[in-house]
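Source file: target21.cif (mmCIF, C-alpha atoms)
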data_start
loop_
_atom_site.group_PDB
_atom_site.id
_atom_site.type_symbol
_atom_site.label_atom_id
_atom_site.label_comp_id
_atom_site.auth_asym_id
_atom_site.auth_seq_id
_atom_site.Cartn_x
_atom_site.Cartn_y
_atom_site.Cartn_z
ATOM 1 C CA MET A 1 0.000 0.000 0.000
ATOM 2 C CA THR A 2 1.044 3.582 -0.516
ATOM 3 C CA ILE A 3 0.238 7.135 0.550
ATOM 4 C CA TRP A 4 -1.522 9.396 -1.930
ATOM 5 C CA LEU A 5 0.208 12.783 -1.888
ATOM 6 C CA ILE A 6 -1.831 15.373 -3.780
ATOM 7 C CA GLY A 7 0.836 17.444 -5.464
ATOM 8 C CA GLY A 8 1.638 20.182 -7.915
ATOM 9 C CA THR A 9 2.940 22.624 -5.303
ATOM 10 C CA SER A 10 6.285 23.424 -3.704
ATOM 11 C CA ASP A 11 4.743 22.177 -0.437
ATOM 12 C CA SER A 12 4.135 18.742 -1.940
ATOM 13 C CA ALA A 13 7.650 18.679 -3.398
ATOM 14 C CA MET A 14 9.081 19.347 0.057
ATOM 15 C CA LEU A 15 6.872 16.669 1.617
ATOM 16 C CA SER A 16 7.827 14.125 -1.042
ATOM 17 C CA GLN A 17 11.483 14.570 -0.066
ATOM 18 C CA GLU A 18 10.651 14.061 3.601
ATOM 19 C CA MET A 19 8.521 11.004 2.837
ATOM 20 C CA ILE A 20 11.249 9.386 0.735
ATOM 21 C CA MET A 21 13.844 9.992 3.468
ATOM 22 C CA SER A 22 11.432 8.370 5.933
ATOM 23 C CA GLY A 23 11.000 5.285 3.734
ATOM 24 C CA ILE A 24 7.344 5.963 2.912
ATOM 25 C CA PRO A 25 6.026 4.610 -0.429
ATOM 26 C CA THR A 26 4.278 7.549 -2.058
ATOM 27 C CA LEU A 27 2.025 8.103 -5.041
ATOM 28 C CA VAL A 28 2.049 11.788 -5.957
ATOM 29 C CA THR A 29 -0.551 13.098 -8.393
ATOM 30 C CA ILE A 30 -0.142 16.169 -10.578
ATOM 31 C CA THR A 31 -2.192 17.814 -13.302
ATOM 32 C CA THR A 32 0.472 18.577 -15.910
ATOM 33 C CA GLU A 33 3.522 16.824 -17.324
ATOM 34 C CA SER A 34 5.673 19.882 -16.581
ATOM 35 C CA ALA A 35 5.122 19.484 -12.817
ATOM 36 C CA LYS A 36 7.143 16.257 -12.783
ATOM 37 C CA HIS A 37 10.376 18.230 -12.458
ATOM 38 C CA LEU A 38 9.386 19.230 -8.922
ATOM 39 C CA TYR A 39 9.912 15.716 -7.601
ATOM 40 C CA PRO A 40 13.014 13.559 -7.021
ATOM 41 C CA ASP A 41 13.738 10.228 -8.680
ATOM 42 C CA SER A 42 13.159 7.429 -6.189
ATOM 43 C CA SER A 43 11.922 3.859 -6.184
ATOM 44 C CA LEU A 44 9.615 4.928 -3.340
ATOM 45 C CA LEU A 45 7.945 7.641 -5.419
ATOM 46 C CA THR A 46 5.439 7.121 -8.228
ATOM 47 C CA ILE A 47 4.228 10.149 -10.177
ATOM 48 C CA LYS A 48 0.842 10.055 -11.869
ATOM 49 C CA ILE A 49 -1.172 12.603 -13.843
ATOM 50 C CA GLY A 50 -4.780 12.401 -12.684
ATOM 51 C CA LYS A 51 -6.407 10.650 -9.737
ATOM 52 C CA PRO A 52 -5.575 7.232 -8.240
ATOM 53 C CA GLU A 53 -7.980 4.378 -7.663
ATOM 54 C CA PRO A 54 -9.093 3.980 -4.021
ATOM 55 C CA SER A 55 -7.590 0.466 -4.003
ATOM 56 C CA GLU A 56 -4.142 1.960 -4.659
ATOM 57 C CA ILE A 57 -3.926 4.030 -1.475
ATOM 58 C CA THR A 58 -3.999 3.558 2.268
ATOM 59 C CA ALA A 59 -4.104 7.245 3.305
ATOM 60 C CA ILE A 60 -4.281 10.711 1.750
ATOM 61 C CA VAL A 61 -1.983 13.684 2.350
ATOM 62 C CA ASP A 62 -3.506 16.699 0.645
ATOM 63 C CA ALA A 63 -0.801 19.264 -0.161
ATOM 64 C CA SER A 64 -2.643 20.830 -3.085
ATOM 65 C CA HIS A 65 -2.719 24.601 -3.625
ATOM 66 C CA PRO A 66 -4.884 26.412 -1.033
ATOM 67 C CA TYR A 67 -7.226 27.526 -3.840
ATOM 68 C CA ALA A 68 -7.453 24.142 -5.606
ATOM 69 C CA THR A 69 -10.758 23.373 -3.932
ATOM 70 C CA LYS A 70 -12.013 20.897 -6.537
ATOM 71 C CA ILE A 71 -9.371 18.240 -5.872
ATOM 72 C CA THR A 72 -9.557 18.840 -2.117
ATOM 73 C CA LYS A 73 -13.323 18.293 -2.055
ATOM 74 C CA TYR A 74 -12.888 15.167 -4.185
ATOM 75 C CA ALA A 75 -10.247 13.767 -1.809
ATOM 76 C CA ILE A 76 -12.375 14.466 1.277
ATOM 77 C CA ALA A 77 -15.376 12.748 -0.330
ATOM 78 C CA LEU A 78 -13.191 9.794 -1.349
ATOM 79 C CA SER A 79 -11.865 9.445 2.183
ATOM 80 C CA HIS A 80 -15.397 9.390 3.621
ATOM 81 C CA GLN A 81 -16.778 6.963 1.060
ATOM 82 C CA ASN A 82 -13.901 4.497 1.345
ATOM 83 C CA ASN A 83 -12.835 4.988 4.966
ATOM 84 C CA ILE A 84 -9.411 6.265 3.895
ATOM 85 C CA PRO A 85 -7.620 8.496 6.455
ATOM 86 C CA TYR A 86 -7.138 12.074 5.223
ATOM 87 C CA LEU A 87 -4.720 14.784 6.359
ATOM 88 C CA ARG A 88 -4.613 18.303 4.992
ATOM 89 C CA TYR A 89 -1.190 19.952 4.900
ATOM 90 C CA GLU A 90 -1.521 23.707 4.519
ATOM 91 C CA ARG A 91 1.097 26.430 4.627
ATOM 92 C CA PRO A 92 0.466 28.845 7.520
ATOM 93 C CA ASN A 93 -1.539 32.017 6.962
ATOM 94 C CA LEU A 94 0.329 35.278 7.363
ATOM 95 C CA GLU A 95 -0.819 37.982 9.735
ATOM 96 C CA ALA A 96 -2.974 40.693 8.185
ATOM 97 C CA GLN A 97 -1.182 43.671 9.737
ATOM 98 C CA THR A 98 0.099 45.143 6.460
ATOM 99 C CA ALA A 99 -2.789 44.294 4.144
ATOM 100 C CA ILE A 100 -6.550 44.482 3.696
ATOM 101 C CA GLU A 101 -8.143 41.031 3.712
ATOM 102 C CA LEU A 102 -11.291 40.324 1.718
ATOM 103 C CA ASP A 103 -13.293 37.125 1.901
ATOM 104 C CA SER A 104 -13.722 36.597 -1.859
ATOM 105 C CA PHE A 105 -13.215 37.969 -5.356
ATOM 106 C CA GLU A 106 -16.927 38.759 -5.416
ATOM 107 C CA THR A 107 -16.552 41.116 -2.449
ATOM 108 C CA LEU A 108 -13.652 42.846 -4.197
ATOM 109 C CA LEU A 109 -15.431 43.275 -7.521
ATOM 110 C CA GLU A 110 -18.652 44.525 -5.954
ATOM 111 C CA SER A 111 -16.721 47.271 -4.154
ATOM 112 C CA ASP A 112 -15.031 50.440 -5.398
ATOM 113 C CA TYR A 113 -11.430 49.462 -4.623
ATOM 114 C CA LEU A 114 -10.311 49.232 -8.264
ATOM 115 C CA THR A 115 -11.876 52.381 -9.702
ATOM 116 C CA GLY A 116 -9.272 54.621 -11.321
ATOM 117 C CA GLN A 117 -6.346 52.619 -9.922
ATOM 118 C CA ARG A 118 -3.290 51.163 -11.619
ATOM 119 C CA VAL A 119 -3.770 47.602 -10.402
ATOM 120 C CA LEU A 120 -1.360 44.668 -10.392
ATOM 121 C CA LEU A 121 -3.148 41.316 -10.218
ATOM 122 C CA THR A 122 -1.080 38.427 -8.844
ATOM 123 C CA VAL A 123 -4.018 36.063 -8.468
ATOM 124 C CA GLY A 124 -3.343 33.352 -11.063
ATOM 125 C CA TYR A 125 -4.727 33.173 -14.565
ATOM 126 C CA LYS A 126 -8.010 31.419 -13.701
ATOM 127 C CA ALA A 127 -9.379 34.505 -11.895
ATOM 128 C CA LEU A 128 -8.576 36.962 -14.709
ATOM 129 C CA PRO A 129 -11.920 36.656 -16.565
ATOM 130 C CA LEU A 130 -13.612 38.036 -13.437
ATOM 131 C CA PHE A 131 -11.813 41.347 -14.021
ATOM 132 C CA GLN A 132 -12.746 41.803 -17.682
ATOM 133 C CA PRO A 133 -15.668 44.172 -16.868
ATOM 134 C CA TRP A 134 -13.151 46.421 -15.068
ATOM 135 C CA GLN A 135 -10.834 46.931 -18.040
ATOM 136 C CA ASN A 136 -12.456 50.318 -18.812
ATOM 137 C CA ARG A 137 -12.651 51.471 -15.202
ATOM 138 C CA ALA A 138 -9.076 50.780 -14.083
ATOM 139 C CA THR A 139 -5.648 50.185 -15.570
ATOM 140 C CA LEU A 140 -5.093 46.501 -14.990
ATOM 141 C CA TYR A 141 -1.802 44.605 -15.140
ATOM 142 C CA THR A 142 -1.386 40.915 -14.436
ATOM 143 C CA ARG A 143 1.567 38.735 -13.542
ATOM 144 C CA ILE A 144 1.174 35.145 -14.686
ATOM 145 C CA LEU A 145 3.277 32.094 -15.428
ATOM 146 C CA PRO A 146 4.998 32.126 -18.842
ATOM 147 C CA VAL A 147 2.884 29.301 -20.297
ATOM 148 C CA VAL A 148 0.612 29.349 -23.331
ATOM 149 C CA ASN A 149 -2.691 28.685 -21.556
ATOM 150 C CA SER A 150 -2.143 31.477 -19.038
ATOM 151 C CA LEU A 151 -1.335 33.930 -21.830
ATOM 152 C CA LEU A 152 -4.428 32.907 -23.807
ATOM 153 C CA VAL A 153 -6.732 33.393 -20.826
ATOM 154 C CA ALA A 154 -5.171 36.766 -19.982
ATOM 155 C CA THR A 155 -5.559 37.992 -23.570
ATOM 156 C CA ALA A 156 -9.168 36.814 -23.739
ATOM 157 C CA ALA A 157 -9.857 38.713 -20.491
ATOM 158 C CA GLY A 158 -8.778 41.962 -22.143
ATOM 159 C CA PHE A 159 -5.146 42.254 -21.053
ATOM 160 C CA SER A 160 -2.971 43.658 -23.831
ATOM 161 C CA SER A 161 0.606 42.411 -24.205
ATOM 162 C CA ASP A 162 2.035 45.530 -22.543
ATOM 163 C CA ARG A 163 -0.001 44.759 -19.404
ATOM 164 C CA ILE A 164 1.030 41.131 -19.018
ATOM 165 C CA ILE A 165 4.110 40.248 -16.960
ATOM 166 C CA ALA A 166 5.039 36.611 -17.603
ATOM 167 C CA LEU A 167 7.449 35.429 -14.895
ATOM 168 C CA ARG A 168 7.999 32.206 -13.020
ATOM 169 C CA PRO A 169 8.353 32.571 -9.225
ATOM 170 C CA PRO A 170 10.070 32.945 -6.864
ATOM 171 C CA ILE A 171 10.348 36.716 -7.165
ATOM 172 C CA ASN A 172 12.612 38.454 -4.671
ATOM 173 C CA PHE A 173 12.004 41.738 -2.882
ATOM 174 C CA ASP A 174 14.066 43.902 -5.228
ATOM 175 C CA LEU A 175 12.440 42.567 -8.395
ATOM 176 C CA GLU A 176 8.943 42.807 -6.914
ATOM 177 C CA LYS A 177 9.588 46.399 -5.902
ATOM 178 C CA ALA A 178 11.056 47.290 -9.309
ATOM 179 C CA LEU A 179 8.027 45.895 -11.147
ATOM 180 C CA TRP A 180 5.594 47.914 -9.041
ATOM 181 C CA LEU A 181 7.608 51.079 -9.625
ATOM 182 C CA GLN A 182 8.063 50.397 -13.347
ATOM 183 C CA TRP A 183 4.300 50.278 -13.987
ATOM 184 C CA LYS A 184 3.453 52.944 -11.372
ATOM 185 C CA ILE A 185 1.200 50.500 -9.543
ATOM 186 C CA SER A 186 -1.169 52.043 -7.008
ATOM 187 C CA LEU A 187 -2.968 48.888 -5.819
ATOM 188 C CA VAL A 188 -1.986 45.199 -5.690
ATOM 189 C CA ILE A 189 -4.347 42.225 -5.481
ATOM 190 C CA THR A 190 -3.043 38.845 -4.348
ATOM 191 C CA LYS A 191 -4.245 35.644 -2.727
ATOM 192 C CA ALA A 192 -3.457 34.384 0.772
ATOM 193 C CA SER A 193 -0.820 32.017 -0.579
ATOM 194 C CA GLY A 194 1.572 32.231 2.363
ATOM 195 C CA THR A 195 5.334 32.559 2.301
ATOM 196 C CA LYS A 196 5.750 29.820 -0.331
ATOM 197 C CA GLY A 197 3.510 31.855 -2.652
ATOM 198 C CA GLY A 198 5.500 35.067 -2.111
ATOM 199 C CA GLU A 199 2.828 36.747 -0.010
ATOM 200 C CA ASP A 200 5.385 37.870 2.582
ATOM 201 C CA ILE A 201 7.467 39.633 -0.087
ATOM 202 C CA LYS A 202 4.410 41.459 -1.408
ATOM 203 C CA ARG A 203 3.460 42.558 2.097
ATOM 204 C CA SER A 204 6.965 43.921 2.662
ATOM 205 C CA VAL A 205 7.054 45.793 -0.647
ATOM 206 C CA ALA A 206 3.571 47.184 -0.069
ATOM 207 C CA GLN A 207 4.662 48.500 3.316
ATOM 208 C CA GLU A 208 7.854 50.082 1.979
ATOM 209 C CA LEU A 209 6.142 51.757 -0.996
ATOM 210 C CA ASN A 210 2.967 52.583 0.944
ATOM 211 C CA ILE A 211 0.854 50.833 -1.708
ATOM 212 C CA PRO A 212 -2.395 49.142 -0.599
ATOM 213 C CA LEU A 213 -2.318 45.341 -0.793
ATOM 214 C CA LEU A 214 -5.640 43.490 -0.957
ATOM 215 C CA VAL A 215 -5.464 39.809 0.000
ATOM 216 C CA ILE A 216 -8.215 37.415 -1.055
ATOM 217 C CA ALA A 217 -8.754 34.912 1.749
ATOM 218 C CA ARG A 218 -8.466 31.184 1.208
ATOM 219 C CA PRO A 219 -11.679 29.270 0.491
ATOM 220 C CA LYS A 220 -13.270 28.035 3.677
ATOM 221 C CA ILE A 221 -13.236 24.235 3.755
ATOM 222 C CA PHE A 222 -13.700 22.109 6.873
ATOM 223 C CA TYR A 223 -10.784 19.718 7.318
ATOM 224 C CA ALA A 224 -11.295 16.980 9.897
ATOM 225 C CA LYS A 225 -7.510 16.779 10.331
ATOM 226 C CA GLN A 226 -5.071 19.529 9.337
ATOM 227 C CA THR A 227 -1.441 20.432 9.983
ATOM 228 C CA SER A 228 1.343 22.742 8.847
ATOM 229 C CA SER A 229 4.043 20.440 10.263
ATOM 230 C CA ALA A 230 6.003 18.069 8.010
ATOM 231 C CA ARG A 231 6.835 16.007 11.108
ATOM 232 C CA GLU A 232 3.129 15.424 11.755
ATOM 233 C CA VAL A 233 2.665 14.382 8.113
ATOM 234 C CA ILE A 234 5.399 11.746 8.468
ATOM 235 C CA ALA A 235 3.894 10.431 11.725
ATOM 236 C CA PHE A 236 0.454 10.227 10.056
ATOM 237 C CA CYS A 237 1.916 8.265 7.126
ATOM 238 C CA HIS A 238 3.741 5.761 9.330
ATOM 239 C CA GLN A 239 0.633 5.270 11.452
ATOM 240 C CA HIS A 240 -1.565 4.375 8.524
ATOM 241 C CA LEU A 241 0.969 2.297 6.615
ATOM 242 C CA LYS A 242 0.998 -0.039 9.622
ATOM 243 C CA ARG A 243 -2.769 -0.640 9.554
#
How would this structure read if it were set down as structure tokens?
Amino acid sequence: MTIWLIGGTSDSAMLSQEMIMSGIPTLVTITTESAKHLYPDSSLLTIKIGKPEPSEITAIVDASHPYATKITKYAIALSHQNNIPYLRYERPNLEAQTAIELDSFETLLESDYLTGQRVLLTVGYKALPLFQPWQNRATLYTRILPVVNSLLVATAAGFSSDRIIALRPPINFDLEKALWLQWKISLVITKASGTKGGEDIKRSVAQELNIPLLVIARPKIFYAKQTSSAREVIAFCHQHLKR
């Protein structure tokens, strides 16, 4: 039997290393071929695109992106239906001292925050269509991954090529600051992605430049068992491999 590690994130890559070093047979699932480079070569690690069969796994460690709610809800349902233990690993939230937190994109777009602003969106490509109605009411820039699908979605949402910044993280403090200054940004929108997602850097730059930072909160999902400790993940895996 093996542990299903829901992957595709730097968190899951870190956990896969820990699990291999602890001798834990692991099946990590990803959504794209390009994500395979995140993971080490090991006889203990199997990488699969898509979802596993319930018969393949003895427990689930969910280290998916905090906003990847579809796969998380699927894994929780699978665990209930098949009596498979489930553990959510989630990077810690950062304190909201230097930012304005909003509960959803809907709350943001129904407000007046964006009107007349030069806005940098660092929210991922999937959310960009939500901002299309605002293209004539604000000057919108977006930073996305340099992949074809992201560029296509951004263009379809009304972002011209001079308002698309295609960069692969991590982005350090100096580069983040330079980008905001280059485009004379007056407002930044991001998601509560934690330190691994560069949220701490954005908070620091926002504070130094005195630019408002709006943080969209993570989706609220009830996890029966959750941790931000890799040590607890390893203990959970060993416990359920011995069943």
field: Output of the PyMOL selection byres ((chain A and resi 155-167) around 12), listed as a ChimeraX atom specification
entry: /A:118-122,124-136,138-154,168-172,175-176,179-180,182-185
Pick from A:Ile3, A:Ile211, A:Ile216, A:Leu102 nearest to Thr58 in chain A, counting only C-alpha atoms: A:Ile3
task: Considering all atoms listed in the file, state which residue in the set A:Ile76, A:Met1, A:Val123, A:Leu213 is at the smallest distance from Val188 in chain A.
output: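 Closest residue, counting all atoms listed in the file: A:Leu213.
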message: When you count only C-alpha atoms, which of these residues is closest to Asp41 in chain A: A:Gln81, A:Thr29, A:Gln226, A:Ser16?
response: A:Ser16
- request: Could you tell me which residues the PyMOL selection byres ((chain A and resi 201) around 12) returns for this structure, as a PyMOL selection string?
  value: chain A and resi 94+98+169-177+190+193-200+202-208+213
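Here CA of Ser12 in chain A and CA of Ala63 in chain A stand 5.3 Å from one another.
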Residues returned when the PyMOL selection byres ((chain A and resi 241) around 8) runs on this file, as a ChimeraX atom specification: /A:1-3,58-59,237-240,242-243
For the residues in the current selection, export C-alpha atoms as a tab-separated table (two decimals), in the coordinates of the input.
chain	number	residue	atom	x	y	z
A	1	MET	CA	0.00	0.00	0.00
A	2	THR	CA	1.04	3.58	-0.52
A	3	ILE	CA	0.24	7.14	0.55
A	58	THR	CA	-4.00	3.56	2.27
A	59	ALA	CA	-4.10	7.24	3.30
A	237	CYS	CA	1.92	8.26	7.13
A	238	HIS	CA	3.74	5.76	9.33
A	239	GLN	CA	0.63	5.27	11.45
A	240	HIS	CA	-1.56	4.38	8.52
A	242	LYS	CA	1.00	-0.04	9.62
A	243	ARG	CA	-2.77	-0.64	9.55
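Straight-line separation from CA of Val233 in chain A to CA of Arg88 in chain A: 8.8 Å.
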- request: Could you give me, as a PyMOL selection string, the residues that have an atom at most 10 Å away from the point (-9.5, 7.7, 5.6) in the coordinates of the file, using all atoms listed in the file?
  value: chain A and resi 57-60+75-87+240
message: I'd like the contact shell of Ser64 in chain A - 9 Å cut-off, all atoms listed in the file, skipping same-chain residues fewer than 5 positions apart - returned as a list in words.
response: Leu5, Ile6, Gly7, Gly8, Thr9, Asp11, Ser12, Thr69, Ile71, Thr72, Arg88, Tyr89 and Glu90 of chain A
- line: Pairwise distance, CA of Pro219 in chain A with CA of Glu110 in chain A, equals 18.0 Å
task: Rank nothing, just name the residue among A:Leu214, A:Pro66, A:Val61, A:Ser43 nearest to Leu109 in chain A, using all atoms listed in the file.
output: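 Among the listed residues, the smallest separation from Leu109 in chain A belongs to A:Leu214.
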What box, with edges along x, y and z, holds each listed atom of range 147-166 of chain A when 8 Å is added on every side, and can you state its centre and edge lengths in Å to one decimal, as JSON?
{"center_x": -2.4, "center_y": 37.1, "center_z": -20.6, "size_x": 30.9, "size_y": 32.8, "size_z": 23.2}
- prompt: Between A:Leu38, A:Leu108, A:Leu114, A:Ile47, which has the minimum distance to Thr26 in chain A (counting all atoms listed in the file)?
  reply: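 The closest residue to Thr26 in chain A is A:Ile47.
Distance annotation: of A:Ala178, A:Tyr223, A:Lys70, A:Pro25, the residue with the minimal separation from Leu209 in chain A is A:Ala178; atom set is only C-alpha atoms.
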